[in-house]
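What's in data.cif: mmCIF, C-alpha atoms
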data_my_file
loop_
_atom_site.label_atom_id
_atom_site.label_comp_id
_atom_site.auth_asym_id
_atom_site.auth_seq_id
_atom_site.Cartn_x
_atom_site.Cartn_y
_atom_site.Cartn_z
CA MET H 97 0.00 0.00 0.00
CA PHE H 98 2.82 2.39 0.85
CA SER H 99 4.46 1.80 -2.52
CA ALA H 100 1.50 3.46 -4.23
CA PHE H 101 2.45 6.76 -2.63
CA ILE H 102 6.06 6.73 -3.78
CA GLY H 103 5.35 5.99 -7.43
CA HIS H 104 5.76 2.23 -7.93
CA GLY H 105 2.85 1.56 -10.26
CA PRO H 106 -0.75 2.71 -10.49
CA LEU H 107 -3.27 2.39 -7.68
CA TYR H 108 -5.78 0.82 -10.06
CA LYS H 109 -5.06 -1.28 -13.13
CA SER H 110 -7.83 -1.68 -15.68
CA LYS H 111 -8.55 -5.08 -17.20
CA ARG H 112 -9.16 -3.37 -20.56
CA LYS H 113 -6.35 -2.14 -22.77
CA ASN H 114 -5.98 1.52 -23.76
CA VAL H 115 -8.33 2.76 -21.06
CA GLY H 116 -5.66 4.33 -18.91
CA LYS H 117 -6.65 6.12 -15.72
CA LEU H 118 -9.97 7.49 -16.98
CA PHE H 119 -12.33 4.93 -15.46
CA THR H 120 -10.90 4.39 -12.01
CA PRO H 121 -13.44 3.85 -9.23
CA VAL H 122 -12.71 7.25 -7.69
CA VAL H 123 -13.19 9.05 -11.01
CA THR H 124 -16.41 7.16 -11.66
CA VAL H 125 -17.87 8.05 -8.26
CA ALA H 126 -16.82 11.69 -8.67
CA PHE H 127 -18.39 11.82 -12.13
CA VAL H 128 -21.67 10.35 -10.87
CA LEU H 129 -21.79 12.87 -8.00
CA LEU H 130 -21.03 15.75 -10.36
CA VAL H 131 -23.78 14.70 -12.76
CA ALA H 132 -26.23 14.31 -9.86
CA ILE H 133 -25.43 17.80 -8.55
CA LEU H 134 -25.75 19.28 -12.04
CA LEU H 135 -29.12 17.61 -12.61
CA VAL H 136 -30.49 18.67 -9.24
CA CYS H 137 -29.40 22.29 -9.82
CA ILE H 138 -30.80 22.36 -13.35
CA LEU H 139 -34.08 20.81 -12.20
CA ALA H 140 -34.35 23.09 -9.15
CA PRO H 141 -37.89 24.32 -9.99
CA VAL H 142 -39.05 20.68 -10.02
CA VAL H 143 -36.98 19.41 -7.08
CA ALA H 144 -37.12 22.40 -4.72
CA PRO H 145 -39.96 22.18 -2.24
CA TYR H 146 -40.32 25.94 -1.64
CA ASP H 147 -40.03 29.28 -3.39
CA PRO H 148 -36.45 30.53 -2.82
CA ASN H 149 -37.55 34.11 -2.14
CA ALA H 150 -40.69 33.45 -0.12
CA ILE H 151 -40.38 35.03 3.31
CA ASN H 152 -42.07 33.26 6.21
CA THR H 153 -41.34 35.07 9.48
CA LEU H 154 -43.03 32.33 11.50
CA GLU H 155 -40.34 29.82 10.47
CA LYS H 156 -37.17 31.82 11.21
CA PHE H 157 -33.98 29.98 12.22
CA LEU H 158 -35.51 26.50 12.11
CA SER H 159 -33.07 23.65 12.46
CA PRO H 160 -32.92 20.91 9.81
CA SER H 161 -36.03 18.74 9.73
CA ALA H 162 -38.12 16.70 7.31
CA ALA H 163 -39.87 19.86 6.14
CA HIS H 164 -36.68 21.94 5.78
CA TRP H 165 -33.71 19.66 5.03
CA LEU H 166 -31.07 22.30 5.78
CA GLY H 167 -33.19 24.53 8.00
CA THR H 168 -34.24 28.12 7.39
CA ASP H 169 -32.49 31.48 7.50
CA ASN H 170 -33.33 34.67 9.42
CA PHE H 171 -36.19 35.45 7.00
CA GLY H 172 -37.71 31.96 7.18
CA ARG H 173 -36.54 31.00 3.68
CA ASP H 174 -35.64 27.36 3.04
CA SER H 175 -31.85 26.98 2.83
CA PHE H 176 -31.91 23.86 0.62
CA THR H 177 -34.08 25.61 -1.98
CA ARG H 178 -31.86 28.69 -1.96
CA ILE H 179 -28.74 26.53 -2.45
CA LEU H 180 -30.35 24.79 -5.44
CA TYR H 181 -31.31 28.07 -7.08
CA GLY H 182 -27.89 29.53 -6.26
CA GLY H 183 -26.32 26.55 -7.99
CA ARG H 184 -28.32 27.39 -11.10
CA VAL H 185 -26.96 30.93 -11.10
CA ALA H 186 -23.39 29.70 -10.56
CA LEU H 187 -23.72 27.19 -13.41
CA MET H 188 -25.10 29.86 -15.72
CA VAL H 189 -22.26 32.27 -14.90
CA GLY H 190 -19.69 29.52 -15.44
CA PHE H 191 -21.08 28.38 -18.76
CA LEU H 192 -21.54 31.92 -20.08
CA SER H 193 -18.00 32.91 -19.13
CA MET H 194 -16.71 29.75 -20.83
CA LEU H 195 -18.71 30.59 -23.95
CA VAL H 196 -17.38 34.16 -24.04
CA SER H 197 -13.82 32.85 -23.61
CA ILE H 198 -14.25 30.33 -26.42
CA VAL H 199 -15.70 32.90 -28.82
CA PHE H 200 -13.10 35.57 -27.98
CA GLY H 201 -10.20 33.10 -28.08
CA THR H 202 -11.32 31.61 -31.39
CA VAL H 203 -11.70 34.99 -33.06
CA TYR H 204 -8.37 36.17 -31.62
CA GLY H 205 -6.66 32.99 -32.78
CA ILE H 206 -8.11 33.22 -36.28
CA VAL H 207 -7.02 36.85 -36.63
CA SER H 208 -3.56 35.95 -35.34
CA GLY H 209 -3.26 32.96 -37.66
CA VAL H 210 -4.48 34.73 -40.79
CA SER H 211 -2.50 37.93 -40.31
CA GLY H 212 1.16 38.33 -41.10
CA LYS H 213 4.18 37.82 -38.88
CA VAL H 214 4.23 41.37 -37.52
CA VAL H 215 0.60 41.38 -36.38
CA ASP H 216 0.96 37.82 -35.07
CA GLY H 217 4.03 38.83 -33.07
CA ILE H 218 2.24 41.83 -31.57
CA MET H 219 -0.80 39.72 -30.69
CA MET H 220 1.39 37.10 -29.02
CA ARG H 221 3.10 39.78 -26.92
CA ILE H 222 -0.35 41.00 -25.84
CA VAL H 223 -1.22 37.46 -24.79
CA ASP H 224 2.05 37.19 -22.88
CA ILE H 225 1.09 40.19 -20.78
#
Serialized structure, structure tokens:
Amino acid sequence: MFSAFIGHGPLYKSKRKNVGKLFTPVVTVAFVLLVAILLVCILAPVVAPYDPNAINTLEKFLSPSAAHWLGTDNFGRDSFTRILYGGRVALMVGFLSMLVSIVFGTVYGIVSGVSGKVVDGIMMRIVDI
């Protein structure tokens, strides 16, 4: 067991050839958890039991229970529901920033590739900054 930490062979060896380290048990479990979290956040309007912005002053600071899985905040809003809807916002921000980066990087790369050596050199120095 100790030899796995000092680099004498992989921790997991696949029975299939050319698979590599992609389908190790840890990676598989992490992938399943990631997909589950993504699905729950995307399906928040279906999964969430309460409105995320509904204020209920009679249910302030409730501890976790069957009705409120993660309890409520100081306005009586369900914490689990707010986390699900917050996950949706975080996913949207992440995907939109990735899309903007892909579009900008592709256009920048095309301009750099099509232009001559001088413009390409200037654009590469800008990227280096």
Practice task
Starting from the displayed file, determine the output of the PyMOL selection byres ((chain H and resi 156-164) around 12) and express the residue list as a ChimeraX atom specification.
Solution key: /H:144-146,150-155,165-178
Problem - Distance of atom CA of Leu134 of chain H from atom CA of Tyr181 of chain H, expressed in Å to one decimal place - result: 11.5 Å
Practice task
Would you translate the PyMOL selection byres ((chain H and resi 133) around 12) into the concrete set of residues it matches in this file, as JSON, numbers by chain?
Solution key: {"H": [126, 127, 128, 129, 130, 131, 132, 134, 135, 136, 137, 138, 139, 140, 143, 179, 180, 181, 183, 184, 187]}
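The coordinates place atom CA of Ile198 of chain H at 19.9 Å from atom CA of Val185 of chain H.
The two atoms in question, atom CA of Asp216 of chain H and atom CA of Tyr204 of chain H, are spaced 10.1 Å apart.
Nearest residue to Asn149 of chain H, choosing from H:Gly205, H:Gly182, H:Gly217, H:Gly212 and counting all atoms listed in the file: H:Gly182.
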